[in-house]
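A.B. asks: Sharing a structure here in structure tokens format.
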Amino acid sequence: MNNTEIKIRRLELSDQLQLTKLADNSDISNNLRDSFPNPYKEKDAQSFIYMTLQQNPVTSFGVEYNENLCGVISLILQTDIYRKSAEIGYWIGEPYWGKGIATQAVSQIVKYGFETLNLIRIYAGIIEYNTASMRVLEKSGFKKEGISLKAISKKDKIWDEHRYYILNKTM
Ligand SMILES: CC(C)(COP(=O)(O)OP(=O)(O)OC[C@H]1O[C@@H](n2cnc3c(N)ncnc32)[C@H](O)[C@@H]1OP(=O)(O)O)[C@@H](O)C(=O)NCCC(=O)NCCS
């Protein structure tokens, strides 16, 4: 895969329709927090894009594959004594799965988080059945640090959370 085909960039208002089309998918929302809308409407895309336009520093990016918007990736900056840490979250639209896109996007935002935002730690919490996302993190250099037993309630069932982290080796 030529890495130049995949990049992260700021979202724009003109991304609204494509974002809605890709995000409106229960195979995506089933792996994310309940705050991720399902069904996903144009107004959801619009308010998400407006939110990202106000970010300073920007922490949510569109993921592009061959100049097409194909997903979203974010760092959720933590506060107080956790201020040098961020949680990572991402999704890729189903037509684009299995092309190595998430792995590239994760590597790019981790580099941004460490080099530009001076973070020390980036972590993720994955629902136990999401083995594809665990694989993405492992391919991107994350390590599993443990399993939080029964930490998640999703769709009326209780699930374990697999916790992953990566450290900024320069700090
Ligand atoms: C998880 C997700 C981000 C992966 O995106 P992607 O661009 O397809 O990921 P990549 O192509 O970079 O890598 C996927 C890896 O998972 C593997 N994989 C796919 N389905 C799998 C499964 N059911 N079990 C195990 N591994 C699986 C692929 O084979 C690939 O690994 P490989 O390169 O060793 O073959 C995407 O499926 C998605 O958005 N899912 C819904 C939302 C989500 O889960 N977000 C993450 C929440 S923590």
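Quick note on naming: the chains in the structure tokens go A, B, ... in the order shown, residues restart at 1 in each chain, and ligands are numbered from 1 in order of appearance.
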If you run DSSP on the backbone here, which positions in chain A get alpha helix (DSSP H)? Please write them as an MDAnalysis selection string.

C.D. replies: chainID A and resid 16:23 26:29 42:53 101:115 131:139

A.B. asks: Could you list, as JSON, numbers by chain, every residue within 10 Å of region 25-31 of chain A, counting only C-alpha atoms and ignoring same-chain residues fewer than 4 positions away?

C.D. replies: {"A": [20, 21, 35, 36, 37, 38, 39, 40, 90, 91, 92, 93, 94, 126, 127, 128, 129, 130, 133, 154, 155]}

A.B. asks: How would the residues just picked look written out with C-alpha atoms as a PDB file, in the first residue's frame?

C.D. replies:
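Result saved to part20.pdb:
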ATOM      1  CA  THR A  20     -23.815  10.703   6.835  1.00  0.00           C
ATOM      2  CA  LYS A  21     -23.846   7.950   4.192  1.00  0.00           C
ATOM      3  CA  SER A  35     -23.419   8.582  21.996  1.00  0.00           C
ATOM      4  CA  PHE A  36     -22.589   7.748  18.340  1.00  0.00           C
ATOM      5  CA  PRO A  37     -26.013   8.178  16.664  1.00  0.00           C
ATOM      6  CA  ASN A  38     -27.850   5.309  14.986  1.00  0.00           C
ATOM      7  CA  PRO A  39     -29.596   6.045  12.704  1.00  0.00           C
ATOM      8  CA  TYR A  40     -27.063   8.723  11.733  1.00  0.00           C
ATOM      9  CA  TYR A  90     -12.041   5.943  15.007  1.00  0.00           C
ATOM     10  CA  TRP A  91     -14.344   4.419  12.451  1.00  0.00           C
ATOM     11  CA  ILE A  92     -14.003   3.635   8.748  1.00  0.00           C
ATOM     12  CA  GLY A  93     -16.970   3.334   6.359  1.00  0.00           C
ATOM     13  CA  GLU A  94     -17.780  -0.282   5.474  1.00  0.00           C
ATOM     14  CA  ILE A 126     -12.146  -1.934  22.804  1.00  0.00           C
ATOM     15  CA  ILE A 127     -15.311  -4.004  23.269  1.00  0.00           C
ATOM     16  CA  GLU A 128     -14.300  -7.663  23.584  1.00  0.00           C
ATOM     17  CA  TYR A 129     -15.846  -8.748  20.262  1.00  0.00           C
ATOM     18  CA  ASN A 130     -14.077  -6.094  18.154  1.00  0.00           C
ATOM     19  CA  SER A 133      -9.948  -2.961  15.989  1.00  0.00           C
ATOM     20  CA  LYS A 154     -23.899  -2.385  25.075  1.00  0.00           C
ATOM     21  CA  LYS A 155     -27.186  -3.507  23.541  1.00  0.00           C
TER      22      LYS A 155
END

A.B. asks: May I have the residues within 7 Å of Ile88 (chain A) as a list of chain:residue names, using only C-alpha atoms and disregarding those fewer than 5 positions away in the same chain?

C.D. replies: A:Ser74, A:Leu75, A:Ile76, A:Ile122, A:Tyr123, A:Ala124

A.B. asks: For Lys99 (chain A), which of A:Cys70, A:Leu13, A:Ala151, A:Ile120 is the closest residue, counting only C-alpha atoms?

C.D. replies: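 Closest candidate: A:Cys70.
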
A.B. asks: Quick one: DSSP strand (DSSP E) residues in chain A, as JSON, numbers by chain?

C.D. replies: {"A": [6, 7, 8, 9, 60, 61, 62, 63, 64, 65, 68, 69, 70, 71, 72, 73, 74, 75, 76, 77, 85, 86, 87, 88, 89, 90, 91, 92, 121, 122, 123, 124, 125, 126, 127, 143, 144, 145, 146, 147, 148, 149, 150, 151, 152, 153, 154, 157, 158, 159, 160, 161, 162, 163, 164, 165, 166, 167]}

A.B. asks: If you count only C-alpha atoms, which residues fall within 12 Å of Leu117 (chain A), apart from same-chain ones fewer than 6 positions away, as number ranges by chain?

C.D. replies: A: 56-59, 75-77, 83-86, 109-111, 168

A.B. asks: With N, CA and C atoms kept, could you save the residues just selected as a compact mmCIF listing (two decimals), in the first residue's frame?

C.D. replies:
# COMPACT_ATOMS: atom_id res chain seq x y z
N ASN A 56 -9.58 23.80 18.92
CA ASN A 56 -8.24 24.39 18.89
C ASN A 56 -7.49 23.91 20.13
N PRO A 57 -6.58 22.97 19.99
CA PRO A 57 -6.11 22.38 18.76
C PRO A 57 -7.13 21.41 18.16
N VAL A 58 -7.03 21.17 16.86
CA VAL A 58 -7.92 20.20 16.23
C VAL A 58 -7.54 18.80 16.71
N THR A 59 -8.58 18.03 17.10
CA THR A 59 -8.32 16.67 17.59
C THR A 59 -9.19 15.62 16.88
N LEU A 75 -8.65 12.15 18.72
CA LEU A 75 -8.01 12.03 20.03
C LEU A 75 -8.89 12.78 21.02
N ILE A 76 -9.24 12.12 22.10
CA ILE A 76 -10.05 12.79 23.13
C ILE A 76 -9.10 13.16 24.25
N LEU A 77 -8.77 14.46 24.32
CA LEU A 77 -7.78 14.93 25.28
C LEU A 77 -8.33 14.81 26.69
N ARG A 83 -3.81 15.09 31.90
CA ARG A 83 -3.77 16.00 30.75
C ARG A 83 -2.71 15.64 29.72
N LYS A 84 -1.78 14.77 30.02
CA LYS A 84 -0.80 14.35 29.01
C LYS A 84 -1.23 13.05 28.33
N SER A 85 -2.48 12.65 28.56
CA SER A 85 -3.03 11.43 27.94
C SER A 85 -4.20 11.78 27.05
N ALA A 86 -4.43 10.93 26.05
CA ALA A 86 -5.63 11.06 25.22
C ALA A 86 -6.15 9.68 24.89
N ILE A 109 -2.33 9.82 13.38
CA ILE A 109 -2.83 10.67 14.48
C ILE A 109 -1.97 10.47 15.74
N VAL A 110 -1.40 9.28 15.92
CA VAL A 110 -0.49 9.07 17.05
C VAL A 110 0.75 9.97 16.89
N LYS A 111 1.27 10.04 15.69
CA LYS A 111 2.43 10.91 15.41
C LYS A 111 2.07 12.37 15.73
N ASN A 168 4.80 7.79 24.25
CA ASN A 168 5.70 8.65 23.51
C ASN A 168 7.13 8.38 24.01

A.B. asks: Compare A:Ser107, A:Ser14, A:Ser60, A:Thr170 by their minimum atom-to-atom distance to ligand 1, counting only C-alpha atoms and all ligand atoms, and give me the closest one.

C.D. replies: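 Closest to ligand 1, using only C-alpha atoms and all ligand atoms: A:Ser107.
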
A.B. asks: Quick one, how far is atom 35 (O, counted along the ligand's line) of ligand 1 from CA of Arg135 (chain A)?

C.D. replies: 8.0 Å

A.B. asks: For Gly71 (chain A), which residue out of A:Lys43, A:Lys144, A:Arg33, A:Arg10 is the nearest one, using only C-alpha atoms?

C.D. replies: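 Of all the options, A:Arg10 lies closest to Gly71 (chain A).
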
A.B. asks: Could you check which of A:Glu161, A:Leu167, A:Asp156, A:Val106 is closest to Lys143 (chain A), using only C-alpha atoms?

C.D. replies: A:Leu167

A.B. asks: Which residues come within 9 Å of Gln16 (chain A), counting only C-alpha atoms, excluding same-chain residues fewer than 4 positions away, as a PyMOL selection string?

C.D. replies: chain A and resi 11-12+20-21+42-46+49

A.B. asks: I'd like the neighbourhood of Lys139 (chain A) as a PyMOL selection string, where a residue qualifies if any of its atoms comes within 12 Å (using only C-alpha atoms), though same-chain residues fewer than 6 positions away should be ignored.

C.D. replies: chain A and resi 100-107+132-133+164+166

A.B. asks: Report the distance between atom 36 (C, counted along the ligand's line) of ligand 1 and CA of Asn66 (chain A) in Å, rounded to one decimal place.

C.D. replies: 17.4 Å

A.B. asks: By how many Å are CA of Arg163 (chain A) and CA of Ala23 (chain A) apart?

C.D. replies: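 So the two atoms, CA of Arg163 (chain A) and CA of Ala23 (chain A), lie 24.3 Å apart.
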
A.B. asks: Between A:Pro95, A:Tyr82, A:Phe114, A:Thr131, which has the minimum distance to ligand 1 (counting only C-alpha atoms and all ligand atoms)?

C.D. replies: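 Nearest to ligand 1: A:Thr131.
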
A.B. asks: Between A:Val72, A:Leu137, A:Leu32, A:Ile158, single out the one closest to ligand 1, counting only C-alpha atoms and all ligand atoms.

C.D. replies: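 Between A:Val72, A:Leu137, A:Leu32, A:Ile158, the residue approaching ligand 1 most closely is A:Leu32.
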